[in-house]
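Engineer: One file is attached below, structure-v4.txt, containing compact mmCIF, C-alpha atoms.
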```
# COMPACT_ATOMS: atom_id res chain seq x y z
CA MET S 1 -8.19 -79.91 -15.92
CA ASP S 2 -6.81 -79.93 -19.44
CA ALA S 3 -4.48 -77.55 -21.27
CA ARG S 4 -7.34 -75.51 -22.70
CA ASP S 5 -8.64 -74.74 -19.20
CA LEU S 6 -5.21 -73.59 -18.13
CA ALA S 7 -4.86 -71.41 -21.21
CA GLY S 8 -8.30 -69.87 -20.66
CA ARG S 9 -7.60 -68.99 -17.06
CA GLY S 10 -4.10 -67.64 -17.72
CA CYS S 11 -1.40 -66.92 -15.26
CA PRO S 12 -2.16 -64.49 -12.40
CA ALA S 13 1.12 -62.72 -13.09
CA THR S 14 0.03 -62.16 -16.67
CA HIS S 15 -3.23 -60.55 -15.57
CA GLY S 16 -1.31 -58.35 -13.14
CA ASN S 17 1.02 -57.17 -15.87
CA ARG S 18 -1.94 -56.29 -18.08
CA ALA S 19 -3.53 -54.24 -15.27
CA VAL S 20 -0.29 -52.36 -14.69
CA THR S 21 0.03 -51.69 -18.40
CA ARG S 22 -3.53 -50.34 -18.59
CA ALA S 23 -2.97 -48.12 -15.54
CA GLY S 24 0.22 -46.81 -17.09
CA ALA S 25 -1.68 -45.89 -20.25
CA VAL S 26 -4.58 -44.20 -18.40
CA LEU S 27 -2.41 -42.18 -16.00
CA PRO S 28 -0.82 -39.91 -18.67
CA MET S 29 -4.29 -39.29 -20.13
CA LEU S 30 -5.59 -38.15 -16.73
CA VAL S 31 -2.57 -35.92 -16.18
CA GLY S 32 -3.09 -34.37 -19.62
CA LEU S 33 -6.76 -33.71 -18.94
CA LEU S 34 -5.98 -32.12 -15.59
CA ALA S 35 -3.30 -29.92 -17.16
CA THR S 36 -5.68 -28.86 -19.93
CA GLY S 37 -8.35 -27.99 -17.39
CA ALA S 38 -5.89 -26.01 -15.28
CA GLU S 39 -4.73 -24.07 -18.35
CA ALA S 40 -8.34 -23.33 -19.31
CA GLN S 41 -9.00 -21.97 -15.81
CA ARG S 42 -5.70 -20.08 -15.63
CA PRO S 43 -6.27 -16.42 -14.71
CA HIS S 44 -5.45 -13.81 -17.32
CA ARG S 45 -2.44 -12.70 -15.27
CA ALA S 46 -0.25 -14.92 -13.13
CA GLY S 47 2.92 -14.31 -11.18
CA LEU S 48 4.77 -11.20 -12.32
CA TRP S 49 3.20 -9.23 -15.18
CA LEU S 50 3.98 -6.15 -17.26
CA GLU S 51 1.65 -3.97 -19.33
CA THR S 52 2.31 -0.98 -21.56
CA GLY S 53 0.25 0.98 -24.06
CA GLY S 54 -1.26 4.29 -25.06
CA GLY S 55 -4.24 6.04 -26.54
CA PHE S 56 -6.22 9.27 -26.56
CA GLY S 57 -7.34 11.40 -23.67
CA TYR S 58 -9.55 14.37 -22.82
CA VAL S 59 -8.52 16.71 -20.02
CA ARG S 60 -10.58 19.22 -18.04
CA ILE S 61 -8.63 21.70 -15.93
CA ALA S 62 -10.23 23.73 -13.16
CA SER S 63 -8.96 25.81 -10.26
CA SER S 64 -10.30 27.16 -6.99
CA GLY S 65 -9.84 30.79 -8.03
CA SER S 66 -11.96 30.65 -11.19
CA THR S 67 -15.23 29.23 -12.49
CA ASN S 68 -13.73 28.71 -15.95
CA VAL S 69 -12.98 25.16 -17.04
CA THR S 70 -10.52 24.53 -19.84
CA SER S 71 -10.63 21.30 -21.84
CA ALA S 72 -8.42 19.80 -24.53
CA LEU S 73 -7.58 16.58 -26.32
CA GLY S 74 -4.20 14.92 -26.05
CA SER S 75 -2.28 11.65 -26.11
CA VAL S 76 -1.68 9.32 -23.18
CA SER S 77 0.81 6.56 -22.41
CA TYR S 78 1.30 4.25 -19.47
CA LEU S 79 3.38 1.47 -17.99
CA ARG S 80 2.13 -0.95 -15.33
CA VAL S 81 4.11 -3.62 -13.51
CA GLY S 82 2.75 -5.88 -10.82
CA ALA S 83 2.27 -9.27 -9.23
CA LEU S 84 -0.52 -11.71 -8.47
CA LEU S 85 -2.05 -11.51 -4.99
CA SER S 86 -4.84 -14.02 -5.65
CA ASP S 87 -6.80 -15.41 -8.58
CA LYS S 88 -8.89 -12.23 -8.63
CA VAL S 89 -6.61 -9.49 -7.27
CA MET S 90 -3.43 -8.01 -8.78
CA LEU S 91 -1.22 -5.38 -7.16
CA GLY S 92 1.04 -3.11 -9.18
CA VAL S 93 2.51 0.31 -9.82
CA GLU S 94 1.56 2.56 -12.73
CA ASN S 95 3.31 5.41 -14.50
CA PHE S 96 0.78 7.43 -16.52
CA GLY S 97 1.30 10.49 -18.71
CA PHE S 98 -0.87 12.94 -20.66
CA VAL S 99 0.51 15.46 -23.19
CA ASP S 100 -1.28 18.29 -25.01
CA ASP S 101 0.66 20.66 -27.30
CA MET S 102 -1.83 23.52 -27.55
CA LEU S 103 -3.69 23.76 -24.27
CA GLY S 104 -4.14 27.53 -24.30
CA PHE S 105 -4.99 27.59 -20.60
CA PHE S 106 -3.05 30.65 -19.53
CA ARG S 107 -4.31 34.07 -20.53
CA GLY S 108 -2.20 35.87 -23.09
CA ASP S 109 0.00 32.93 -24.07
CA THR S 110 0.68 32.22 -27.73
CA SER S 111 1.29 28.51 -27.27
CA SER S 112 1.66 26.11 -24.40
CA VAL S 113 2.49 22.49 -23.72
CA ALA S 114 0.76 20.74 -20.84
CA GLU S 115 2.11 17.49 -19.43
CA THR S 116 0.59 15.62 -16.53
CA TRP S 117 2.34 12.62 -15.01
CA SER S 118 1.37 10.35 -12.17
CA PHE S 119 2.96 7.47 -10.30
CA THR S 120 0.39 5.40 -8.45
CA VAL S 121 -0.06 2.11 -6.63
CA VAL S 122 -2.92 0.29 -8.34
CA VAL S 123 -5.14 -2.69 -7.61
CA LEU S 124 -6.76 -4.70 -10.41
CA TRP S 125 -9.81 -6.75 -9.41
CA TYR S 126 -11.22 -9.50 -11.64
CA PRO S 127 -14.79 -10.33 -10.47
CA TRP S 128 -14.87 -13.56 -12.49
CA ARG S 129 -11.84 -15.80 -12.70
CA SER S 130 -12.76 -17.06 -16.18
CA SER S 131 -13.25 -13.54 -17.61
CA GLY S 132 -10.74 -10.86 -18.55
CA LEU S 133 -12.95 -8.02 -17.23
CA PHE S 134 -11.37 -6.06 -14.39
CA ALA S 135 -11.82 -2.89 -12.34
CA LYS S 136 -8.85 -0.67 -11.53
CA GLY S 137 -8.25 1.76 -8.70
CA GLY S 138 -5.18 3.47 -7.29
CA VAL S 139 -3.61 6.44 -5.54
CA GLY S 140 -0.21 8.10 -5.68
CA ALA S 141 1.65 11.26 -6.65
CA ALA S 142 0.99 13.53 -9.63
CA GLN S 143 2.84 16.37 -11.31
CA GLY S 144 1.80 18.93 -13.92
CA THR S 145 4.36 20.67 -16.14
CA PHE S 146 3.31 23.68 -18.22
CA THR S 147 5.59 25.34 -20.75
CA VAL S 148 4.38 28.69 -22.10
CA THR S 149 5.79 30.92 -24.81
CA PRO S 150 5.13 34.57 -23.82
CA PRO S 151 3.11 36.64 -26.33
CA GLY S 152 5.92 39.22 -26.60
CA GLY S 153 8.48 36.56 -27.50
CA GLY S 154 11.41 35.37 -25.50
CA PRO S 155 12.36 31.97 -24.17
CA PRO S 156 9.61 29.57 -23.03
CA VAL S 157 8.71 29.64 -19.35
CA THR S 158 8.04 26.39 -17.47
CA ALA S 159 6.02 25.98 -14.27
CA ARG S 160 5.39 22.84 -12.26
CA GLY S 161 2.95 21.76 -9.61
CA THR S 162 2.95 18.56 -7.55
CA GLY S 163 0.13 16.90 -5.67
CA VAL S 164 -1.99 13.77 -5.32
CA GLY S 165 -3.13 11.52 -8.15
CA LEU S 166 -6.11 9.15 -8.30
CA THR S 167 -6.92 6.60 -10.98
CA PHE S 168 -9.91 4.32 -11.61
CA GLY S 169 -11.68 2.60 -14.48
CA LEU S 170 -12.66 -0.61 -16.24
CA GLY S 171 -10.54 -2.79 -18.50
CA TYR S 172 -10.47 -6.11 -20.31
CA ASP S 173 -7.70 -8.62 -21.04
CA GLN S 174 -8.15 -10.45 -24.34
CA LYS S 175 -5.87 -13.47 -24.41
CA ILE S 176 -3.88 -13.84 -27.65
CA SER S 177 -1.40 -16.49 -26.46
CA ARG S 178 -0.29 -18.21 -23.29
CA LYS S 179 2.02 -15.33 -22.37
CA PHE S 180 0.42 -12.29 -24.04
CA ALA S 181 -2.90 -10.47 -23.97
CA LEU S 182 -4.33 -7.33 -25.50
CA THR S 183 -5.65 -5.00 -22.80
CA GLY S 184 -8.20 -2.25 -23.37
CA CYS S 185 -9.09 0.28 -20.69
CA LEU S 186 -11.67 3.04 -20.22
CA CYS S 187 -10.26 4.99 -17.30
CA ALA S 188 -9.99 8.33 -15.55
CA ASP S 189 -7.10 10.01 -13.75
CA ILE S 190 -7.52 12.96 -11.42
CA ALA S 191 -4.45 15.02 -10.54
CA GLY S 192 -4.52 17.62 -7.79
CA ILE S 193 -1.52 19.58 -9.03
CA GLY S 194 -1.66 22.49 -6.60
CA ASP S 195 -0.61 26.08 -7.38
CA VAL S 196 0.98 26.89 -10.72
CA VAL S 197 2.74 30.26 -11.03
CA LEU S 198 3.88 31.89 -14.26
CA PRO S 199 5.07 35.44 -14.95
CA THR S 200 1.73 36.39 -16.52
CA THR S 201 -0.69 34.60 -14.20
CA ARG S 202 -1.18 32.38 -11.19
CA VAL S 203 -3.53 29.39 -10.93
CA ASP S 204 -4.46 28.23 -7.44
CA ASP S 205 -5.34 24.63 -6.58
CA MET S 206 -5.28 23.33 -10.12
CA ILE S 207 -7.12 20.05 -10.69
CA ALA S 208 -6.75 18.11 -13.94
CA SER S 209 -9.33 15.42 -14.74
CA ILE S 210 -8.22 13.16 -17.59
CA TYR S 211 -10.57 10.69 -19.27
CA HIS S 212 -8.90 8.29 -21.66
CA VAL S 213 -9.23 5.19 -23.81
CA THR S 214 -6.14 3.04 -24.17
CA ILE S 215 -5.03 -0.24 -25.63
CA GLY S 216 -1.90 -2.08 -24.61
CA ILE S 217 -0.01 -5.34 -24.62
CA THR S 218 0.31 -7.40 -21.44
CA LEU S 219 3.07 -9.89 -20.71
CA ARG S 220 1.51 -12.16 -18.12
```
Take the structure in the file and give it back as structure tokens.
Structural biologist:
Amino acid sequence: MDARDLAGRGCPATHGNRAVTRAGAVLPMLVGLLATGAEAQRPHRAGLWLETGGGFGYVRIASSGSTNVTSALGSVSYLRVGALLSDKVMLGVENFGFVDDMLGFFRGDTSSVAETWSFTVVVLWYPWRSSGLFAKGGVGAAQGTFTVTPPGGGPPVTARGTGVGLTFGLGYDQKISRKFALTGCLCADIAGIGDVVLPTTRVDDMIASIYHVTIGITLR
């Protein structure tokens, strides 16, 4: 065996070092690919999340003592905070509000302001992990506040009613960065406010149904 044969075969230690070097180069590539894949499959919300936004709403108010239904447009705002239960289910709490400055619900009033607020426990369900589409449902407490200026003048009179609130609808998270998403929602809130009593009238078992379109920002 001459020197050329020895050079062609090489030292076993040398071959071992080359294998280790190649493995060390491939390993970071595999880790990077796995991390990229995990990020691509990352749900739209993870861990603790916060969402806030607003939009426009349409309210219909009815009562048990009358067949008349009053409707009006107004503005809505909301704040939701929650946590991840699974890749498809989020649990949170929601504070929702609707305001209309000229409801005109009460007979004989010259102007009125209607505000409906609710505080509910909500569940967000994402049917597909790779999509931002979700369904929302929740239940909690609701309150209606009505401020009326009497037709004969005098200070405004405020009446309140408290009851049960329900919320449901469909929404979509559009990812804009790793931590933020734009969230649109087509939803409805139903507030069983109860009896509302004012000096000029009384409304029994008032129910406010609010349909609204909102857009918000989600920190996820």
Engineer: Determine the nearest neighbour of Gly74 in chain S from the options S:Val197, S:Cys185, S:Ala62, S:Val99, counting all atoms listed in the file.
Structural biologist: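 Between S:Val197, S:Cys185, S:Ala62, S:Val99, the residue approaching Gly74 in chain S most closely is S:Val99.
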Engineer: Can you measure CA of Gly97 in chain S to CA of Gln174 in chain S for me? One decimal in Å is fine.
Structural biologist: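 CA of Gly97 in chain S sits 23.7 Å away from CA of Gln174 in chain S.
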Engineer: Which residues are near Val93 in chain S? Cut-off 8 Å, all atoms listed in the file, ignore same chain within fewer than 6 positions. Put them as a list in words.
Structural biologist: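 The residues satisfying every condition are Arg80, Val81, Gly82, Phe119, Thr120, Val121 and Val122 of chain S.
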Engineer: For the atom pair CA of Leu186 in chain S and CA of Arg160 in chain S, what is the interatomic distance in Å to one decimal place?
Structural biologist: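 Calculated distance between CA of Leu186 in chain S and CA of Arg160 in chain S is 27.3 Å.
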Engineer: Using all atoms listed in the file, pick whichever of S:Ile210, S:Leu91, S:Val164, S:Leu219 has the shortest atom-to-atom distance to Ala72 in chain S.
Structural biologist: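 For Ala72 in chain S, the nearest of the given residues is S:Ile210.
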Engineer: Between S:Thr167, S:Thr149, S:Ser112, S:Thr158, which is the closest to Ala135 in chain S once you count all atoms listed in the file?
Structural biologist: S:Thr167
Engineer: Some atoms are missing, so please complete range 182-194 of chain S with N, CA and C atoms and return it as a compact mmCIF listing (two decimals), in the coordinates of the input.
Structural biologist:
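Contents of the output file out-v9.txt:
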```txt
# COMPACT_ATOMS: atom_id res chain seq x y z
N LEU S 182 -4.03 -8.71 -25.18
CA LEU S 182 -4.33 -7.33 -25.50
C LEU S 182 -5.23 -6.77 -24.41
N THR S 183 -4.91 -5.57 -23.92
CA THR S 183 -5.65 -5.00 -22.80
C THR S 183 -6.22 -3.64 -23.20
N GLY S 184 -7.53 -3.51 -23.14
CA GLY S 184 -8.20 -2.25 -23.37
C GLY S 184 -8.69 -1.67 -22.05
N CYS S 185 -8.69 -0.34 -21.95
CA CYS S 185 -9.09 0.28 -20.69
C CYS S 185 -9.84 1.58 -20.96
N LEU S 186 -10.94 1.78 -20.26
CA LEU S 186 -11.67 3.04 -20.22
C LEU S 186 -11.52 3.57 -18.81
N CYS S 187 -10.68 4.59 -18.64
CA CYS S 187 -10.26 4.99 -17.30
C CYS S 187 -10.29 6.50 -17.13
N ALA S 188 -10.08 6.91 -15.89
CA ALA S 188 -9.99 8.33 -15.55
C ALA S 188 -8.87 8.52 -14.54
N ASP S 189 -8.15 9.62 -14.69
CA ASP S 189 -7.10 10.01 -13.75
C ASP S 189 -7.37 11.43 -13.29
N ILE S 190 -7.32 11.64 -11.99
CA ILE S 190 -7.52 12.96 -11.42
C ILE S 190 -6.24 13.37 -10.71
N ALA S 191 -5.72 14.52 -11.10
CA ALA S 191 -4.45 15.02 -10.54
C ALA S 191 -4.68 16.35 -9.85
N GLY S 192 -4.50 16.37 -8.53
CA GLY S 192 -4.52 17.62 -7.79
C GLY S 192 -3.13 18.23 -7.80
N ILE S 193 -2.88 19.11 -8.77
CA ILE S 193 -1.52 19.58 -9.03
C ILE S 193 -1.08 20.66 -8.06
N GLY S 194 -2.03 21.40 -7.50
CA GLY S 194 -1.66 22.49 -6.60
C GLY S 194 -1.54 23.81 -7.34
```
